[in-house]
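Dropping my_file-v6.cif in here (mmCIF, C-alpha atoms; chains and numbers go by the auth columns):
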data_protein
#
loop_
_atom_site.group_PDB
_atom_site.id
_atom_site.type_symbol
_atom_site.label_atom_id
_atom_site.label_comp_id
_atom_site.label_asym_id
_atom_site.label_seq_id
_atom_site.Cartn_x
_atom_site.Cartn_y
_atom_site.Cartn_z
_atom_site.B_iso_or_equiv
_atom_site.auth_seq_id
_atom_site.auth_asym_id
ATOM 1 C CA MET A 1 23.473 111.294 0.667 0.00 1 A
ATOM 2 C CA LYS A 2 20.594 111.479 3.107 0.00 2 A
ATOM 3 C CA CYS A 3 19.486 107.940 3.854 0.00 3 A
ATOM 4 C CA PRO A 4 16.393 107.306 5.924 0.00 4 A
ATOM 5 C CA ASN A 5 14.382 110.305 7.015 0.00 5 A
ATOM 6 C CA PRO A 6 13.967 113.228 4.616 0.00 6 A
ATOM 7 C CA PHE A 7 11.556 115.075 6.914 0.00 7 A
ATOM 8 C CA LEU A 8 12.616 117.954 9.145 0.00 8 A
ATOM 9 C CA PHE A 9 9.951 117.150 11.727 0.00 9 A
ATOM 10 C CA SER A 10 10.384 113.787 13.340 0.00 10 A
ATOM 11 C CA PRO A 11 7.818 111.964 15.476 0.00 11 A
ATOM 12 C CA CYS A 12 10.450 111.766 18.198 0.00 12 A
ATOM 13 C CA LEU A 13 10.681 115.549 18.369 0.00 13 A
ATOM 14 C CA GLY A 14 6.897 115.944 18.491 0.00 14 A
ATOM 15 C CA VAL A 15 6.494 113.419 21.309 0.00 15 A
ATOM 16 C CA LYS A 16 9.310 114.992 23.328 0.00 16 A
ATOM 17 C CA CYS A 17 7.868 118.501 22.846 0.00 17 A
ATOM 18 C CA PHE A 18 4.453 117.271 23.956 0.00 18 A
ATOM 19 C CA SER A 19 5.922 115.582 27.035 0.00 19 A
ATOM 20 C CA TYR A 20 7.967 118.628 27.996 0.00 20 A
ATOM 21 C CA SER A 21 5.025 120.990 27.496 0.00 21 A
ATOM 22 C CA THR A 22 2.680 118.888 29.628 0.00 22 A
ATOM 23 C CA SER A 23 5.334 118.737 32.351 0.00 23 A
ATOM 24 C CA VAL A 24 5.756 122.515 32.286 0.00 24 A
ATOM 25 C CA ILE A 25 1.973 123.031 32.402 0.00 25 A
ATOM 26 C CA SER A 26 1.728 120.584 35.303 0.00 26 A
ATOM 27 C CA LEU A 27 4.458 122.434 37.189 0.00 27 A
ATOM 28 C CA ALA A 28 2.752 125.765 36.446 0.00 28 A
ATOM 29 C CA PHE A 29 -0.529 124.544 37.943 0.00 29 A
ATOM 30 C CA LEU A 30 1.135 122.998 40.982 0.00 30 A
ATOM 31 C CA PRO A 31 0.962 126.204 43.128 0.00 31 A
ATOM 32 C CA TYR A 32 -2.737 126.559 42.302 0.00 32 A
ATOM 33 C CA MET A 33 -3.289 122.944 43.313 0.00 33 A
ATOM 34 C CA PHE A 34 -1.368 123.575 46.551 0.00 34 A
ATOM 35 C CA ALA A 35 -3.736 126.427 47.391 0.00 35 A
ATOM 36 C CA GLN A 36 -6.895 124.501 46.553 0.00 36 A
ATOM 37 C CA SER A 37 -5.913 121.174 48.098 0.00 37 A
ATOM 38 C CA ASN A 38 -6.068 122.414 51.689 0.00 38 A
ATOM 39 C CA ILE A 39 -9.811 122.444 51.325 0.00 39 A
ATOM 40 C CA VAL A 40 -10.101 119.060 49.573 0.00 40 A
ATOM 41 C CA ILE A 41 -7.289 117.077 51.227 0.00 41 A
ATOM 42 C CA GLY A 42 -6.934 117.915 54.873 0.00 42 A
ATOM 43 C CA SER A 43 -4.260 115.562 56.174 0.00 43 A
ATOM 44 C CA LEU A 44 -0.567 116.185 55.563 0.00 44 A
ATOM 45 C CA PRO A 45 0.355 112.556 54.635 0.00 45 A
ATOM 46 C CA LEU A 46 -2.315 112.502 51.922 0.00 46 A
ATOM 47 C CA GLN A 47 -1.060 115.821 50.551 0.00 47 A
ATOM 48 C CA ILE A 48 2.522 114.504 50.446 0.00 48 A
ATOM 49 C CA LEU A 49 1.347 111.362 48.645 0.00 49 A
ATOM 50 C CA PHE A 50 -0.773 113.355 46.189 0.00 50 A
ATOM 51 C CA TYR A 51 1.970 115.838 45.292 0.00 51 A
ATOM 52 C CA GLY A 52 4.580 113.077 45.199 0.00 52 A
ATOM 53 C CA ILE A 53 2.600 111.206 42.575 0.00 53 A
ATOM 54 C CA ILE A 54 2.034 114.325 40.485 0.00 54 A
ATOM 55 C CA GLY A 55 5.658 115.388 40.810 0.00 55 A
ATOM 56 C CA SER A 56 6.974 111.955 39.918 0.00 56 A
ATOM 57 C CA PHE A 57 4.921 111.828 36.715 0.00 57 A
ATOM 58 C CA THR A 58 5.981 115.370 35.897 0.00 58 A
ATOM 59 C CA VAL A 59 9.674 114.568 36.212 0.00 59 A
ATOM 60 C CA ILE A 60 9.920 110.858 35.412 0.00 60 A
ATOM 61 C CA THR A 61 7.969 110.907 32.138 0.00 61 A
ATOM 62 C CA PRO A 62 10.354 113.224 30.209 0.00 62 A
ATOM 63 C CA VAL A 63 13.406 111.489 31.697 0.00 63 A
ATOM 64 C CA LEU A 64 12.097 108.059 30.729 0.00 64 A
ATOM 65 C CA LEU A 65 11.124 109.303 27.274 0.00 65 A
ATOM 66 C CA HIS A 66 14.613 110.690 26.691 0.00 66 A
ATOM 67 C CA PHE A 67 16.193 107.448 27.894 0.00 67 A
ATOM 68 C CA VAL A 68 14.127 105.463 25.404 0.00 68 A
ATOM 69 C CA THR A 69 14.588 107.800 22.410 0.00 69 A
ATOM 70 C CA LYS A 70 18.138 109.117 22.889 0.00 70 A
ATOM 71 C CA GLY A 71 19.533 106.768 20.243 0.00 71 A
ATOM 72 C CA TYR A 72 16.776 107.307 17.659 0.00 72 A
ATOM 73 C CA VAL A 73 18.403 108.503 14.442 0.00 73 A
ATOM 74 C CA VAL A 74 16.440 111.375 12.933 0.00 74 A
ATOM 75 C CA ARG A 75 18.659 111.830 9.871 0.00 75 A
ATOM 76 C CA LEU A 76 21.562 109.812 8.538 0.00 76 A
ATOM 77 C CA TYR A 77 24.117 111.103 6.049 0.00 77 A
ATOM 78 C CA HIS A 78 26.556 108.907 4.138 0.00 78 A
ATOM 79 C CA GLU A 79 29.809 110.103 2.585 0.00 79 A
ATOM 80 C CA ALA A 80 30.488 107.469 -0.080 0.00 80 A
ATOM 81 C CA THR A 81 34.100 108.438 -0.796 0.00 81 A
ATOM 82 C CA THR A 82 35.271 107.853 2.791 0.00 82 A
ATOM 83 C CA ASP A 83 32.462 105.425 3.733 0.00 83 A
ATOM 84 C CA THR A 84 31.635 107.479 6.821 0.00 84 A
ATOM 85 C CA TYR A 85 28.241 108.197 8.296 0.00 85 A
ATOM 86 C CA LYS A 86 26.827 111.110 10.262 0.00 86 A
ATOM 87 C CA ALA A 87 23.855 110.235 12.479 0.00 87 A
ATOM 88 C CA ILE A 88 21.704 113.055 13.870 0.00 88 A
ATOM 89 C CA THR A 89 19.905 112.438 17.189 0.00 89 A
ATOM 90 C CA TYR A 90 18.221 114.723 19.729 0.00 90 A
ATOM 91 C CA SER A 91 19.663 115.598 23.122 0.00 91 A
ATOM 92 C CA VAL A 92 17.765 116.211 26.361 0.00 92 A
ATOM 93 C CA VAL A 93 17.190 119.881 25.493 0.00 93 A
ATOM 94 C CA LEU A 94 15.971 118.981 21.970 0.00 94 A
ATOM 95 C CA SER A 95 19.099 120.189 20.213 0.00 95 A
ATOM 96 C CA GLU A 96 20.599 118.090 17.457 0.00 96 A
ATOM 97 C CA LYS A 97 23.645 115.953 18.233 0.00 97 A
ATOM 98 C CA SER A 98 25.737 114.403 15.522 0.00 98 A
ATOM 99 C CA THR A 99 27.733 111.197 15.698 0.00 99 A
ATOM 100 C CA LEU A 100 30.407 110.543 13.103 0.00 100 A
ATOM 101 C CA PHE A 101 31.445 106.964 12.476 0.00 101 A
ATOM 102 C CA HIS A 102 32.955 104.732 9.815 0.00 102 A
ATOM 103 C CA GLN A 103 31.191 101.678 8.451 0.00 103 A
ATOM 104 C CA ASN A 104 33.869 99.522 10.126 0.00 104 A
ATOM 105 C CA ASP A 105 32.829 100.995 13.526 0.00 105 A
ATOM 106 C CA VAL A 106 29.347 99.473 13.218 0.00 106 A
ATOM 107 C CA LYS A 107 28.796 96.534 15.550 0.00 107 A
ATOM 108 C CA ILE A 108 25.586 94.545 15.466 0.00 108 A
ATOM 109 C CA PRO A 109 24.416 93.363 18.915 0.00 109 A
ATOM 110 C CA SER A 110 24.653 89.616 19.418 0.00 110 A
ATOM 111 C CA SER A 111 21.176 89.534 20.942 0.00 111 A
ATOM 112 C CA ALA A 112 18.178 91.597 19.885 0.00 112 A
ATOM 113 C CA HIS A 113 17.841 94.827 21.852 0.00 113 A
ATOM 114 C CA MET A 114 14.585 96.714 21.902 0.00 114 A
ATOM 115 C CA PHE A 115 15.964 100.212 21.232 0.00 115 A
ATOM 116 C CA THR A 116 19.227 99.385 19.441 0.00 116 A
ATOM 117 C CA THR A 117 19.744 98.498 15.791 0.00 117 A
ATOM 118 C CA PHE A 118 23.534 98.766 15.935 0.00 118 A
ATOM 119 C CA TYR A 119 26.409 100.248 17.915 0.00 119 A
ATOM 120 C CA ALA A 120 28.488 102.976 16.289 0.00 120 A
ATOM 121 C CA LYS A 121 31.756 102.844 18.224 0.00 121 A
ATOM 122 C CA THR A 122 30.210 102.725 21.729 0.00 122 A
ATOM 123 C CA LYS A 123 26.947 104.583 21.102 0.00 123 A
ATOM 124 C CA SER A 124 23.763 102.597 20.542 0.00 124 A
ATOM 125 C CA LEU A 125 21.665 103.860 17.647 0.00 125 A
ATOM 126 C CA LEU A 126 18.198 102.976 16.427 0.00 126 A
ATOM 127 C CA VAL A 127 17.272 103.299 12.755 0.00 127 A
ATOM 128 C CA ASN A 128 14.171 102.227 10.925 0.00 128 A
ATOM 129 C CA PRO A 129 15.243 100.100 7.935 0.00 129 A
ATOM 130 C CA LEU A 130 11.950 100.799 6.172 0.00 130 A
ATOM 131 C CA LEU A 131 12.818 104.507 5.842 0.00 131 A
ATOM 132 C CA PHE A 132 15.840 103.852 3.638 0.00 132 A
ATOM 133 C CA PRO A 133 14.904 104.683 0.036 0.00 133 A
ATOM 134 C CA ASN A 134 17.376 102.069 -1.192 0.00 134 A
ATOM 135 C CA PRO A 135 17.561 98.804 0.820 0.00 135 A
ATOM 136 C CA GLU A 136 21.182 98.307 -0.288 0.00 136 A
ATOM 137 C CA ASP A 137 22.130 101.409 1.745 0.00 137 A
ATOM 138 C CA PHE A 138 20.890 99.746 4.920 0.00 138 A
ATOM 139 C CA ASN A 139 22.622 96.482 3.991 0.00 139 A
ATOM 140 C CA HIS A 140 25.897 98.351 3.493 0.00 140 A
ATOM 141 C CA LEU A 141 25.520 100.230 6.785 0.00 141 A
ATOM 142 C CA MET A 142 24.958 97.009 8.701 0.00 142 A
ATOM 143 C CA GLY A 143 27.749 95.192 6.836 0.00 143 A
ATOM 144 C CA TYR A 144 25.407 92.646 5.279 0.00 144 A
ATOM 145 C CA ASP A 145 27.049 93.157 1.903 0.00 145 A
ATOM 146 C CA LYS A 146 30.380 91.726 3.134 0.00 146 A
ATOM 147 C CA PRO A 147 31.278 88.125 2.343 0.00 147 A
ATOM 148 C CA PHE A 148 30.041 85.650 4.910 0.00 148 A
ATOM 149 C CA THR A 149 31.421 82.249 5.840 0.00 149 A
ATOM 150 C CA PHE A 150 29.755 79.521 7.849 0.00 150 A
ATOM 151 C CA ASP A 151 33.037 77.920 8.881 0.00 151 A
ATOM 152 C CA MET A 152 34.091 79.368 12.250 0.00 152 A
ATOM 153 C CA GLU A 153 37.384 77.454 12.133 0.00 153 A
ATOM 154 C CA GLU A 154 38.516 79.548 9.156 0.00 154 A
ATOM 155 C CA GLU A 155 37.981 82.721 11.164 0.00 155 A
ATOM 156 C CA ASP A 156 39.913 81.333 14.134 0.00 156 A
ATOM 157 C CA GLU A 157 42.843 80.409 11.865 0.00 157 A
ATOM 158 C CA LYS A 158 42.934 83.846 10.202 0.00 158 A
ATOM 159 C CA LYS A 159 43.159 85.784 13.471 0.00 159 A
ATOM 160 C CA PRO A 160 46.638 84.518 14.541 0.00 160 A
ATOM 161 C CA LEU A 161 47.954 85.117 11.023 0.00 161 A
ATOM 162 C CA GLN A 162 46.696 88.722 11.062 0.00 162 A
ATOM 163 C CA GLU A 163 48.170 89.332 14.531 0.00 163 A
ATOM 164 C CA GLU A 164 51.629 88.169 13.379 0.00 164 A
ATOM 165 C CA LYS A 165 51.661 90.756 10.572 0.00 165 A
#
When written as structure tokens, how does the structure in this file appear?
Amino acid sequence: MKCPNPFLFSPCLGVKCFSYSTSVISLAFLPYMFAQSNIVIGSLPLQILFYGIIGSFTVITPVLLHFVTKGYVVRLYHEATTDTYKAITYSVVLSEKSTLFHQNDVKIPSSAHMFTTFYAKTKSLLVNPLLFPNPEDFNHLMGYDKPFTFDMEEEDEKKPLQEEK
């Protein structure tokens, strides 16, 4: 079952393609700017500063964008019989990466993180709960459908009993 995003084109892919293309265009025009800047900018320190700023934006922007969006789940598949999930994300080179995990592997962060909805094993993933066609699917993924107790002492007493078994 495909949970959140039924579209093949994701906004994450479009933004990354735009960032990569502008970086490539900027690098392509860099030799032309080198040739023309001798007339405009005469001193060597100003040229180094100018090209350093352009180069840093050319390189840092795609790296920063990938760092922010590397955990964004484009598609999420659920196998109901085994209760496993397959999350599809994009890598640096815009190829799809899949992460397989069980519902028991899902850990919710204790504090709110900006780009993390949950941890699947050790990988942080970001999903948009509004894109789930059925809200119960999201509740099951996050473990909200499990019984909850307010008494922390009960949990502390159960742990030694489970360790003895």
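Of the residues listed (A:Lys16, A:His78, A:His140, A:Lys107), A:Lys107 shows the shortest atom-to-atom separation from Lys123 (chain A); distances use all atoms listed in the file.
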Counting all atoms listed in the file, which residues in region 50-141 of chain A sit no more than 9 Å from region 25-37 of chain A? For each one, give the nearest pair of atoms and the distance in Å, sorted by chain then residue number, as CSV.
residue,atom,partner,partner_atom,distance
A:Tyr51,CA,A:Leu30,CA,8.4
A:Ile54,CA,A:Ser26,CA,8.1
A:Gly55,CA,A:Leu27,CA,8.0
A:Thr58,CA,A:Ser26,CA,6.8
Seminar exercise, completed: With distances taken over all atoms listed in the file, the candidate from A:Phe138, A:Tyr20, A:Phe101, A:Phe57 nearest Ala120 (chain A) is A:Phe101
Exercise. Mind telling me what the PyMOL selection byres ((chain A and resi 89) around 7) catches here, as a VMD selection string?
Worked result: chain A and resid 70 to 74 87 to 88 90 to 91 96 to 98
Selection export as a short mmCIF file (atom, residue, chain, number, x, y, z; two decimals), keeping the file's coordinate frame, atoms kept: C-alpha atoms:
data_model
loop_
_atom_site.label_atom_id
_atom_site.label_comp_id
_atom_site.auth_asym_id
_atom_site.auth_seq_id
_atom_site.Cartn_x
_atom_site.Cartn_y
_atom_site.Cartn_z
CA LYS A 70 18.14 109.12 22.89
CA GLY A 71 19.53 106.77 20.24
CA TYR A 72 16.78 107.31 17.66
CA VAL A 73 18.40 108.50 14.44
CA VAL A 74 16.44 111.38 12.93
CA ALA A 87 23.86 110.24 12.48
CA ILE A 88 21.70 113.06 13.87
CA TYR A 90 18.22 114.72 19.73
CA SER A 91 19.66 115.60 23.12
CA GLU A 96 20.60 118.09 17.46
CA LYS A 97 23.64 115.95 18.23
CA SER A 98 25.74 114.40 15.52
#
For this session: For the point (23.1, 102.1, 21.7) in the file's frame, write as a ChimeraX atom specification all residues with an atom no more than 10 Å away, counting all atoms listed in the file.
Result: /A:70-72,109,113,115-126
